[in-house]
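Undergrad: Here you go, data.tsv (TSV, C-alpha atoms):
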chain	number	residue	atom	x	y	z
A	154	MET	CA	-136.80	98.55	-53.85
A	155	HIS	CA	-134.93	97.52	-56.98
A	156	LYS	CA	-132.42	94.70	-57.24
A	157	ASP	CA	-130.24	93.42	-60.10
A	158	GLY	CA	-131.01	91.26	-63.11
A	159	ASN	CA	-128.76	88.65	-61.53
A	160	ALA	CA	-131.47	88.07	-58.90
A	161	ILE	CA	-133.81	86.44	-61.46
A	162	ALA	CA	-131.10	84.25	-62.98
A	163	GLY	CA	-133.17	81.18	-62.11
A	164	MET	CA	-136.32	82.45	-63.80
A	165	LEU	CA	-134.37	83.56	-66.89
A	166	MET	CA	-132.81	80.12	-67.12
A	167	GLU	CA	-136.29	78.59	-66.84
A	168	ILE	CA	-137.30	80.63	-69.91
A	169	PHE	CA	-134.14	80.51	-72.04
A	170	GLU	CA	-132.45	77.33	-70.73
A	171	VAL	CA	-129.08	79.10	-70.74
A	172	GLU	CA	-127.33	81.28	-68.18
A	173	MET	CA	-128.54	84.73	-69.26
A	174	THR	CA	-127.00	87.05	-66.69
A	175	THR	CA	-123.64	87.19	-68.50
A	176	GLU	CA	-125.25	87.79	-71.92
A	177	ARG	CA	-125.33	91.35	-73.21
A	178	ARG	CA	-128.18	93.58	-74.25
A	179	THR	CA	-127.89	96.81	-76.19
A	180	CYS	CA	-130.40	99.43	-75.13
A	181	GLN	CA	-132.78	100.73	-77.80
A	182	SER	CA	-132.71	104.18	-76.21
A	183	CYS	CA	-129.16	105.01	-75.14
A	184	GLY	CA	-127.24	102.41	-77.19
A	185	GLN	CA	-125.19	101.19	-74.26
A	186	ALA	CA	-124.51	97.44	-73.97
A	187	ASN	CA	-124.70	95.88	-70.53
A	188	GLU	CA	-124.83	92.38	-69.14
A	189	ILE	CA	-128.33	91.23	-68.19
A	190	GLY	CA	-127.11	90.66	-64.62
A	191	ALA	CA	-126.17	94.34	-64.39
A	192	HIS	CA	-129.63	95.57	-65.39
A	193	LEU	CA	-131.93	96.99	-62.72
A	194	LEU	CA	-134.76	94.75	-61.57
A	195	TYR	CA	-138.09	96.04	-60.30
A	196	ALA	CA	-140.54	93.60	-58.75
A	197	GLY	CA	-144.30	94.05	-58.59
A	198	ALA	CA	-147.01	91.76	-59.95
A	199	GLY	CA	-144.22	90.52	-62.24
A	200	TYR	CA	-140.78	91.90	-63.00
A	201	VAL	CA	-139.43	94.77	-65.08
A	202	LEU	CA	-135.78	94.91	-66.14
A	203	ARG	CA	-134.37	98.33	-66.96
A	204	CYS	CA	-131.19	99.59	-68.61
A	205	PRO	CA	-128.69	100.48	-65.84
A	206	ASN	CA	-127.52	103.50	-67.86
A	207	CYS	CA	-130.76	105.24	-68.92
A	208	GLY	CA	-133.54	103.31	-67.17
A	209	ASP	CA	-135.46	102.43	-70.34
A	210	MET	CA	-137.35	99.14	-70.30
A	211	ALA	CA	-135.38	96.03	-71.24
A	212	ALA	CA	-137.96	93.37	-70.44
A	213	ALA	CA	-141.28	92.76	-68.74
A	214	ILE	CA	-141.86	89.37	-67.20
A	215	ALA	CA	-145.30	88.15	-66.20
A	216	THR	CA	-145.14	85.41	-63.59
A	217	VAL	CA	-148.29	83.46	-64.22
A	218	PRO	CA	-148.17	80.11	-62.39
A	219	ASP	CA	-145.65	77.65	-63.81
A	220	ALA	CA	-145.04	79.69	-66.97
A	221	PRO	CA	-143.17	83.00	-66.83
A	222	ARG	CA	-143.68	85.00	-70.04
A	223	ILE	CA	-141.13	87.59	-71.12
A	224	THR	CA	-141.48	90.57	-73.46
A	225	MET	CA	-138.08	91.89	-74.54
A	226	PHE	CA	-136.93	95.28	-75.81
A	227	GLY	CA	-133.65	96.38	-77.39
A	228	SER	CA	-131.08	94.05	-78.88
A	229	TRP	CA	-130.29	90.95	-76.86
A	230	SER	CA	-127.20	88.96	-77.70
A	231	VAL	CA	-127.69	85.34	-76.66
A	232	GLU	CA	-125.27	82.54	-77.41
A	233	PRO	CA	-126.38	78.92	-77.55
A	234	PRO	CA	-124.97	76.63	-74.87
A	235	ALA	CA	-121.48	75.28	-75.65
A	236	ARG	CA	-121.58	71.72	-76.98
B	76	MET	CA	-116.76	84.91	-68.52
B	77	GLU	CA	-117.28	84.37	-72.17
B	78	GLY	CA	-120.39	83.15	-73.91
B	79	ALA	CA	-122.94	80.77	-72.61
B	80	GLU	CA	-122.16	78.22	-69.97
B	81	VAL	CA	-122.76	74.52	-70.24
B	82	LEU	CA	-125.50	73.93	-67.75
B	83	GLU	CA	-127.96	71.17	-67.32
B	84	ARG	CA	-131.64	71.97	-67.38
B	85	LEU	CA	-132.68	73.75	-64.24
B	86	ASN	CA	-134.61	71.35	-62.04
B	87	TRP	CA	-135.99	71.57	-58.53
B	88	ARG	CA	-134.26	69.07	-56.24
B	89	VAL	CA	-135.28	67.97	-52.79
B	90	VAL	CA	-132.45	68.74	-50.37
B	91	THR	CA	-131.96	67.64	-46.77
B	92	ILE	CA	-130.60	69.74	-43.93
B	93	LYS	CA	-127.48	68.05	-42.49
B	94	GLU	CA	-126.78	70.74	-39.95
B	95	SER	CA	-128.06	74.17	-38.91
B	96	LYS	CA	-125.38	76.45	-37.43
B	97	SER	CA	-126.06	79.72	-35.63
B	98	GLU	CA	-123.97	82.56	-37.08
B	99	THR	CA	-125.53	85.55	-35.33
B	100	PRO	CA	-128.76	86.03	-33.32
B	101	HIS	CA	-130.50	86.58	-36.69
B	102	ALA	CA	-128.72	84.29	-39.11
B	103	LYS	CA	-128.09	80.60	-39.58
B	104	THR	CA	-125.96	78.59	-41.95
B	105	LEU	CA	-127.70	75.53	-43.36
B	106	VAL	CA	-125.39	72.70	-44.39
B	107	LEU	CA	-127.23	70.76	-47.08
B	108	ASP	CA	-127.19	67.33	-48.55
B	109	VAL	CA	-127.97	67.89	-52.24
B	110	PRO	CA	-128.36	64.87	-54.49
B	111	GLU	CA	-126.27	65.18	-57.65
B	112	TRP	CA	-125.17	68.75	-56.97
B	113	PRO	CA	-123.51	69.89	-60.23
B	114	GLY	CA	-121.06	72.19	-58.41
B	115	HIS	CA	-121.07	75.98	-58.33
B	116	LYS	CA	-118.90	79.04	-58.80
B	117	ALA	CA	-118.06	81.46	-56.02
B	118	GLY	CA	-120.71	84.21	-55.89
B	119	GLN	CA	-123.65	82.23	-57.29
B	120	HIS	CA	-127.02	81.75	-55.61
B	121	VAL	CA	-129.85	79.21	-55.51
B	122	ASP	CA	-133.63	79.54	-55.53
B	123	VAL	CA	-135.40	77.94	-52.57
B	124	ARG	CA	-139.07	76.89	-52.76
B	125	LEU	CA	-141.27	76.05	-49.80
B	126	THR	CA	-144.69	74.48	-50.21
B	127	ALA	CA	-147.35	74.74	-47.50
B	128	ASP	CA	-149.82	71.97	-46.71
B	129	ASP	CA	-152.50	73.81	-48.70
B	130	GLY	CA	-150.24	73.94	-51.77
B	131	TYR	CA	-149.22	77.60	-51.40
B	132	GLN	CA	-145.66	78.09	-52.60
B	133	ALA	CA	-143.10	80.75	-51.74
B	134	GLU	CA	-139.81	81.14	-53.56
B	135	ARG	CA	-136.71	83.15	-52.57
B	136	SER	CA	-133.08	83.36	-53.64
B	137	TYR	CA	-130.21	82.71	-51.23
B	138	SER	CA	-126.52	83.20	-51.82
B	139	ILE	CA	-124.19	80.25	-51.51
B	140	ALA	CA	-121.73	80.71	-48.64
B	141	SER	CA	-119.50	77.70	-49.21
B	142	SER	CA	-116.64	77.69	-51.68
B	143	PRO	CA	-116.75	75.50	-54.79
B	144	GLN	CA	-114.11	73.32	-53.07
B	145	ALA	CA	-116.19	72.66	-49.93
B	146	PRO	CA	-117.63	69.16	-49.46
B	147	ASP	CA	-121.15	70.41	-48.70
B	148	LEU	CA	-123.36	73.18	-50.03
B	149	GLU	CA	-123.94	75.85	-47.39
B	150	LEU	CA	-126.46	78.70	-47.44
B	151	THR	CA	-126.49	81.45	-44.84
B	152	VAL	CA	-129.96	82.82	-44.23
B	153	GLU	CA	-130.75	86.01	-42.35
B	154	ARG	CA	-134.12	86.12	-40.63
B	155	LEU	CA	-136.46	88.81	-41.96
B	156	ASP	CA	-139.25	89.39	-39.45
B	157	ASP	CA	-141.90	89.83	-42.15
B	158	GLY	CA	-140.40	87.17	-44.43
B	159	GLU	CA	-142.32	84.21	-45.83
B	160	VAL	CA	-139.35	81.89	-46.18
B	161	SER	CA	-136.48	83.00	-43.94
B	162	PRO	CA	-138.26	82.61	-40.54
B	163	TYR	CA	-138.96	78.97	-41.41
B	164	LEU	CA	-135.35	78.35	-42.46
B	165	THR	CA	-133.82	80.07	-39.42
B	166	ASP	CA	-136.30	79.19	-36.66
B	167	GLU	CA	-138.11	75.99	-37.55
B	168	ALA	CA	-136.08	73.94	-39.98
B	169	ARG	CA	-134.21	71.13	-38.24
B	170	GLU	CA	-131.62	68.58	-39.18
B	171	GLY	CA	-133.25	66.03	-41.47
B	172	ASP	CA	-135.91	68.46	-42.75
B	173	GLN	CA	-136.28	68.81	-46.50
B	174	PHE	CA	-137.13	71.56	-48.96
B	175	GLU	CA	-136.79	72.25	-52.69
B	176	LEU	CA	-133.87	74.05	-54.27
B	177	ARG	CA	-132.73	74.81	-57.83
B	178	GLY	CA	-129.44	76.13	-59.09
B	179	PRO	CA	-126.75	77.22	-58.98
B	180	VAL	CA	-127.67	80.31	-60.99
B	181	GLY	CA	-126.36	83.84	-61.49
B	182	GLY	CA	-123.20	83.91	-63.59
B	183	TYR	CA	-122.91	87.68	-63.41
B	184	PHE	CA	-121.77	87.93	-59.77
B	185	VAL	CA	-119.06	85.30	-60.02
B	186	TRP	CA	-115.34	85.30	-59.31
B	187	GLU	CA	-113.01	82.57	-60.52
B	188	ALA	CA	-109.60	81.96	-59.01
B	189	ASP	CA	-107.84	81.86	-62.39
B	190	SER	CA	-107.71	85.66	-62.37
B	191	SER	CA	-104.72	87.38	-60.76
B	192	ARG	CA	-106.37	90.80	-60.98
B	193	PRO	CA	-106.77	92.48	-57.58
B	194	LEU	CA	-110.09	91.87	-55.89
B	195	LEU	CA	-112.09	94.32	-53.81
B	196	LEU	CA	-115.04	92.95	-51.83
B	197	ILE	CA	-117.51	95.30	-50.14
B	198	ALA	CA	-120.26	93.85	-47.98
B	199	GLY	CA	-123.19	95.40	-46.14
B	200	GLY	CA	-124.56	93.08	-43.42
B	201	SER	CA	-125.52	89.69	-44.80
B	202	GLY	CA	-124.25	90.85	-48.19
B	203	LEU	CA	-121.12	89.14	-46.91
B	204	VAL	CA	-122.50	85.70	-47.83
B	205	PRO	CA	-121.57	85.48	-51.55
B	206	LEU	CA	-118.37	87.44	-50.86
B	207	MET	CA	-117.42	84.85	-48.24
B	208	SER	CA	-117.76	82.16	-50.90
B	209	ILE	CA	-115.36	84.23	-53.03
B	210	LEU	CA	-112.96	84.79	-50.13
B	211	ARG	CA	-112.99	81.08	-49.22
B	212	HIS	CA	-112.43	80.18	-52.88
B	213	HIS	CA	-109.48	82.59	-52.93
B	214	GLN	CA	-108.00	80.96	-49.83
B	215	GLU	CA	-108.62	77.36	-50.79
B	216	THR	CA	-107.10	77.74	-54.24
B	217	GLY	CA	-104.03	79.58	-52.92
B	218	SER	CA	-104.84	82.50	-55.23
B	219	GLN	CA	-102.14	85.16	-55.37
B	220	ALA	CA	-104.61	87.89	-56.29
B	221	ASP	CA	-104.47	90.86	-53.92
B	222	VAL	CA	-107.78	90.66	-52.05
B	223	ARG	CA	-109.35	93.27	-49.77
B	224	LEU	CA	-112.61	93.04	-47.86
B	225	LEU	CA	-114.57	95.87	-46.32
B	226	LEU	CA	-117.49	94.73	-44.19
B	227	SER	CA	-120.10	97.09	-42.81
B	228	ALA	CA	-122.36	95.83	-40.02
B	229	ARG	CA	-124.50	97.39	-37.32
B	230	THR	CA	-122.75	95.82	-34.34
B	231	LEU	CA	-120.01	93.24	-33.75
B	232	GLU	CA	-122.70	90.72	-32.82
B	233	ASP	CA	-124.15	91.06	-36.33
B	234	VAL	CA	-120.90	90.07	-38.05
B	235	LEU	CA	-121.27	86.77	-39.90
B	236	TYR	CA	-118.41	84.22	-39.80
B	237	ARG	CA	-116.71	86.31	-37.11
B	238	ALA	CA	-114.26	83.68	-35.88
B	239	GLU	CA	-113.23	82.83	-39.43
B	240	LEU	CA	-112.71	86.50	-40.30
B	241	GLU	CA	-110.73	87.08	-37.12
B	242	ALA	CA	-108.45	84.19	-38.05
B	243	LEU	CA	-107.93	85.64	-41.55
B	244	ARG	CA	-107.59	89.23	-40.38
B	245	ASP	CA	-103.84	89.18	-39.87
B	246	LYS	CA	-103.18	87.47	-43.17
B	247	LEU	CA	-105.58	89.36	-45.43
B	248	ALA	CA	-106.64	92.98	-45.69
B	249	ILE	CA	-110.00	92.67	-43.93
B	250	ARG	CA	-111.50	95.88	-42.57
B	251	LEU	CA	-114.63	96.23	-40.48
B	252	THR	CA	-116.85	99.23	-40.01
B	253	LEU	CA	-119.67	99.28	-37.47
B	254	THR	CA	-122.48	101.80	-37.71
B	255	ARG	CA	-123.90	101.52	-34.17
B	256	GLU	CA	-120.87	100.94	-31.98
B	257	ALA	CA	-117.08	101.14	-32.13
B	258	PRO	CA	-115.24	98.01	-33.21
B	259	PRO	CA	-112.80	96.52	-30.66
B	260	PRO	CA	-109.26	97.93	-31.07
B	261	GLU	CA	-107.83	94.71	-32.52
B	262	TRP	CA	-110.00	95.22	-35.59
B	263	ASN	CA	-108.37	98.57	-36.46
B	264	GLY	CA	-111.80	99.33	-37.85
B	265	PHE	CA	-114.10	102.26	-38.51
B	266	ALA	CA	-117.21	103.38	-36.67
B	267	ARG	CA	-119.33	105.05	-39.33
B	268	ARG	CA	-121.21	104.43	-42.56
B	269	ILE	CA	-119.04	103.85	-45.61
B	270	ASP	CA	-117.67	106.98	-47.24
B	271	ARG	CA	-115.09	107.98	-49.82
B	272	ALA	CA	-112.19	108.23	-47.35
B	273	MET	CA	-112.91	104.71	-46.08
B	274	LEU	CA	-112.98	103.21	-49.57
B	275	GLU	CA	-109.75	105.02	-50.43
B	276	ALA	CA	-108.14	103.64	-47.26
B	277	VAL	CA	-109.22	100.08	-48.09
B	278	GLY	CA	-108.07	100.17	-51.74
B	279	PRO	CA	-106.69	98.81	-54.07
B	280	GLY	CA	-107.19	102.01	-56.06
B	281	PRO	CA	-108.71	102.26	-59.52
B	282	GLU	CA	-105.23	102.46	-61.08
B	283	SER	CA	-104.68	98.76	-60.29
B	284	HIS	CA	-107.95	97.86	-62.08
B	285	PRO	CA	-109.42	95.53	-59.46
B	286	ARG	CA	-112.56	93.52	-59.98
B	287	VAL	CA	-115.03	94.91	-57.46
B	288	TYR	CA	-117.97	93.06	-55.88
B	289	VAL	CA	-120.52	94.92	-53.76
B	290	CYS	CA	-123.36	93.11	-52.02
B	291	GLY	CA	-125.89	94.24	-49.44
B	292	PRO	CA	-129.19	96.07	-48.97
B	293	THR	CA	-130.09	98.25	-51.98
B	294	PRO	CA	-129.34	101.65	-50.31
B	295	PHE	CA	-125.93	100.38	-49.15
B	296	VAL	CA	-125.02	99.07	-52.61
B	297	GLU	CA	-126.21	102.27	-54.32
B	298	GLN	CA	-124.10	104.37	-51.97
B	299	ALA	CA	-121.01	102.18	-52.34
B	300	ALA	CA	-121.28	102.00	-56.14
B	301	GLU	CA	-121.71	105.76	-56.43
B	302	LEU	CA	-118.68	106.38	-54.21
B	303	LEU	CA	-116.57	103.85	-56.16
B	304	VAL	CA	-117.39	105.41	-59.52
B	305	GLY	CA	-116.69	108.86	-58.00
B	306	ILE	CA	-113.23	107.69	-56.93
B	307	GLY	CA	-112.57	106.54	-60.50
B	308	TYR	CA	-113.33	102.82	-60.61
B	309	GLU	CA	-114.55	101.78	-64.05
B	310	PRO	CA	-118.33	101.14	-63.72
B	311	ARG	CA	-118.12	97.89	-65.71
B	312	THR	CA	-115.69	96.43	-63.17
B	313	VAL	CA	-118.06	97.11	-60.27
B	314	HIS	CA	-120.37	94.11	-59.85
B	315	THR	CA	-123.38	94.71	-57.65
B	316	GLU	CA	-125.89	92.47	-55.93
B	317	ARG	CA	-128.75	94.28	-54.22
B	318	PHE	CA	-130.98	92.54	-51.70
B	319	GLY	CA	-133.76	95.10	-51.72
B	320	GLY	CA	-135.07	96.83	-48.60
B	321	ALA	CA	-132.76	97.15	-45.61
Let me see whether you can do it: turn the structure in this file into structure tokens.

TA:
Amino acid sequence: MHKDGNAIAGMLMEIFEVEMTTERRTCQSCGQANEIGAHLLYAGAGYVLRCPNCGDMAAAIATVPDAPRITMFGSWSVEPPAR
Amino acid sequence: MEGAEVLERLNWRVVTIKESKSETPHAKTLVLDVPEWPGHKAGQHVDVRLTADDGYQAERSYSIASSPQAPDLELTVERLDDGEVSPYLTDEAREGDQFELRGPVGGYFVWEADSSRPLLLIAGGSGLVPLMSILRHHQETGSQADVRLLLSARTLEDVLYRAELEALRDKLAIRLTLTREAPPPEWNGFARRIDRAMLEAVGPGPESHPRVYVCGPTPFVEQAAELLVGIGYEPRTVHTERFGGA
């Protein structure tokens, strides 16, 4: 059963080294911008993040041991950490 | 929140259980001693990692129950019968035992007391945990924001932090609905699953533009979010945290 992008905040921080759940992503299909934490999260062998508006794929994350790998879709807006 | 947060690199830390408190027959609060805890915001969670003797690791996320002001980090864990991590934390872990934890993480489901916007908290079962951190933060900072809490549970025995909620009940708008029995009269509660009329009775309505936080099992959160948007709450103001299967 799906959860929210917020649930993998730890894994996303492992990959990006910044808090990603408050960053925004614009969907390549419907054009709506939503925070990563508000995306829908589906867990299986890895994880799939989907747009909460249209359901199109936002990211696929493979959780191979010690090194999650992410494939991203759409336009992600990520700010560097404040200095 | 705006932009990226300043956060140190996310490392696993070994934490020690200071105390294990029974909340309900199925849930315990673990009071933890965390070396160099960087502090957290109300609504955040941590990842917990257990390692078996043979090296097998299991990782789960748990919401933080304590407020940012509290002296110790507290997690409330509900036992899932088929769980890999929760039965250990609720049944076996004792004072002095250690496990690995990283965090805090999850900036999306966060409330900060500098906002005076009304606040509507809707919890299904142990979905109360991060909302309790928010409610405690609200109380401990003397926030003037209008706060309402609607808690849905199966029975009174399943209600987390019951004594604390009963003490706050006369001061704050806290409403309880039970799905398998009637709440005692002093609760002025409901005895049914959440519905539109209940959410309208709890308020504050969409016209006062509250920030809304909904947490619980996925079907509960889906139902609540759909009802809220139907009533007219702006979808972007409705923050959801789904646990998965009920």

Undergrad: For chain B, work out the contacting residues on chain A at 6 Å, counting only C-alpha atoms, and write them as a list in words.

TA: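 Close enough to count are Met154, His155, Lys156, Asn159, Ala162, Gly163, Thr174, Thr175, Gly190, Glu232, Pro234 and Ala235 of chain A.
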
Undergrad: How far is it from CA of Val89 in chain B to CA of Leu176 in chain B, in Å with one decimal?

TA: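 Those two atoms sit 6.4 Å apart.
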
Undergrad: Can you work out which one of B:Gly264, B:Pro162, B:Gly171, B:Pro193 has the shortest atom-to-atom distance to Pro279 in chain B, counting all atoms listed in the file?

TA: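 Looking only at the distances to Pro279 in chain B, the closest residue turns out to be B:Pro193.
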
Undergrad: Give me the box for range 199-207 of chain A as lines of an AutoDock Vina configuration file, namely the centre and edge lengths in Å to one decimal of a box along x, y and z that holds every listed atom plus 6 Å on each side.

TA:
center_x = -135.9
center_y = 97.9
center_z = -65.6
size_x = 28.7
size_y = 26.7
size_z = 18.7

Undergrad: Which one of B:Val109, B:Leu253, B:Val287, B:Leu150 sits closest to Pro310 in chain B if you count only C-alpha atoms?

TA: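 For Pro310 in chain B, the nearest of the given residues is B:Val287.
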
Undergrad: Name the residues in contact with Glu232 in chain B at a cut-off of 12 Å, using all atoms listed in the file, excluding same-chain residues fewer than 3 positions from it; report them as a PyMOL selection string.

TA: chain B and resi 97-102+200+228-229+235-238+253+255-259

Undergrad: So which residues fall inside 10 Å of (-118.9, 84.2, -54.0) if we count only C-alpha atoms? Mind giving them as number ranges by chain?

TA: B: 115-120, 138-143, 184-187, 196, 203-213, 288

Undergrad: Taking all atoms listed in the file into account, name the residue in A:Pro218, A:Asp157, A:Leu165, A:Glu170 that is nearest to Pro205 in chain A.

TA: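 Of A:Pro218, A:Asp157, A:Leu165, A:Glu170, the one nearest Pro205 in chain A is A:Asp157, counting all atoms listed in the file.
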
Undergrad: Using only C-alpha atoms, which residues sit within 8 Å of range 270-278 of chain B once same-chain residues fewer than 5 positions away are excluded, as a count of residues only?

TA: 10

Undergrad: Tell me which protein, DNA and RNA residues are within 10 Å of Gly184 in chain A, counting all atoms listed in the file, leaving out same-chain ones fewer than 3 positions away, and put them as a PDB file with C-alpha atoms, keeping the file's coordinate frame.

TA:
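What follows is the written file selection_12.pdb:
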ATOM      1  CA  ARG A 178    -128.180  93.580 -74.250  1.00  0.00           C
ATOM      2  CA  THR A 179    -127.890  96.810 -76.190  1.00  0.00           C
ATOM      3  CA  CYS A 180    -130.400  99.430 -75.130  1.00  0.00           C
ATOM      4  CA  GLN A 181    -132.780 100.730 -77.800  1.00  0.00           C
ATOM      5  CA  ASN A 187    -124.700  95.880 -70.530  1.00  0.00           C
ATOM      6  CA  CYS A 204    -131.190  99.590 -68.610  1.00  0.00           C
ATOM      7  CA  ASN A 206    -127.520 103.500 -67.860  1.00  0.00           C
ATOM      8  CA  CYS A 207    -130.760 105.240 -68.920  1.00  0.00           C
ATOM      9  CA  GLY A 227    -133.650  96.380 -77.390  1.00  0.00           C
ATOM     10  CA  SER A 228    -131.080  94.050 -78.880  1.00  0.00           C
TER      11      SER A 228
END

Undergrad: For Ser190 in chain B, please output as a ChimeraX atom specification all residues within 12 Å (counting all atoms listed in the file; exclusion window: fewer than 6 positions along the same chain).

TA: /B:76,212-213,216-222,285-286

Undergrad: Rounded to one decimal in Å, what is the spacing between CA of Ile92 in chain B and CA of Phe174 in chain B?

TA: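 Separation of CA of Ile92 in chain B and CA of Phe174 in chain B: 8.4 Å.
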
Undergrad: Under the rule that all atoms listed in the file are counted, which of B:Ser201, B:Pro146, B:Asp157, B:Gln214 is the nearest residue to Glu239 in chain B?

TA: B:Gln214

Undergrad: Out of A:Met173, A:Val231, A:Val201, A:Leu193, which residue has the shortest atom-to-atom distance to Thr216 in chain A when counting all atoms listed in the file?

TA: A:Val201

Undergrad: Give me the residues within 7 Å of Phe226 in chain A as number ranges by chain, counting all atoms listed in the file and dropping any in the same chain fewer than 6 places off.

TA: A: 210-212

Undergrad: For the selection you just gave me, I'd like the residues written to a file as a PDB file, keeping the file's coordinate frame, keeping C-alpha atoms.

TA:
ATOM      1  CA  MET A 210    -137.350  99.140 -70.300  1.00  0.00           C
ATOM      2  CA  ALA A 211    -135.380  96.030 -71.240  1.00  0.00           C
ATOM      3  CA  ALA A 212    -137.960  93.370 -70.440  1.00  0.00           C
TER       4      ALA A 212
END

Undergrad: Could you jot down the CA of Tyr131 in chain B to CA of Glu167 in chain B separation for me, Å, one decimal place?

TA: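 Computing it gives 17.8 Å between the two atoms.
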
Undergrad: Measuring between only C-alpha atoms, which one of A:Met225, A:Gly158, A:Glu172, A:Ser230 shows the shortest distance to Ala191 in chain A?

TA: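 Residue with the minimum atom-to-atom distance to Ala191 in chain A: A:Gly158.
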
Undergrad: Extract range 237-249 of chain B from the coordinates I pasted, and write it as a tab-separated table (two decimals), in the first residue's frame (atoms kept: N, CA, C and O atoms).

TA:
chain	number	residue	atom	x	y	z
B	237	ARG	N	-3.13	8.72	26.64
B	237	ARG	CA	-4.49	9.00	27.06
B	237	ARG	C	-4.56	9.99	28.22
B	237	ARG	O	-5.33	10.94	28.19
B	238	ALA	N	-3.72	9.78	29.23
B	238	ALA	CA	-3.77	10.67	30.40
B	238	ALA	C	-3.41	12.10	30.01
B	238	ALA	O	-4.03	13.06	30.46
B	239	GLU	N	-2.42	12.21	29.13
B	239	GLU	CA	-1.98	13.55	28.69
B	239	GLU	C	-3.09	14.24	27.89
B	239	GLU	O	-3.35	15.43	28.06
B	240	LEU	N	-3.75	13.47	27.03
B	240	LEU	CA	-4.85	14.05	26.23
B	240	LEU	C	-6.03	14.42	27.13
B	240	LEU	O	-6.67	15.46	26.91
B	241	GLU	N	-6.29	13.59	28.13
B	241	GLU	CA	-7.41	13.91	29.04
B	241	GLU	C	-7.13	15.19	29.81
B	241	GLU	O	-8.03	15.98	30.06
B	242	ALA	N	-5.87	15.40	30.15
B	242	ALA	CA	-5.50	16.63	30.87
B	242	ALA	C	-5.61	17.86	29.97
B	242	ALA	O	-5.87	18.97	30.46
B	243	LEU	N	-5.39	17.67	28.67
B	243	LEU	CA	-5.44	18.80	27.73
B	243	LEU	C	-6.85	19.04	27.18
B	243	LEU	O	-7.12	20.09	26.60
B	244	ARG	N	-7.73	18.05	27.39
B	244	ARG	CA	-9.03	18.04	26.73
B	244	ARG	C	-9.88	19.27	27.04
B	244	ARG	O	-10.59	19.79	26.18
B	245	ASP	N	-9.78	19.77	28.27
B	245	ASP	CA	-10.63	20.90	28.64
B	245	ASP	C	-10.05	22.22	28.15
B	245	ASP	O	-10.74	23.23	28.09
B	246	LYS	N	-8.80	22.20	27.84
B	246	LYS	CA	-8.10	23.42	27.44
B	246	LYS	C	-8.07	23.57	25.91
B	246	LYS	O	-8.14	24.66	25.37
B	247	LEU	N	-7.93	22.44	25.24
B	247	LEU	CA	-7.80	22.45	23.78
B	247	LEU	C	-8.97	21.69	23.15
B	247	LEU	O	-9.58	20.85	23.79
B	248	ALA	N	-9.20	22.00	21.89
B	248	ALA	CA	-10.28	21.30	21.16
B	248	ALA	C	-9.78	19.94	20.70
B	248	ALA	O	-9.26	19.79	19.60
B	249	ILE	N	-9.90	18.95	21.59
B	249	ILE	CA	-9.48	17.59	21.27
B	249	ILE	C	-10.72	16.72	21.19
B	249	ILE	O	-11.49	16.63	22.16
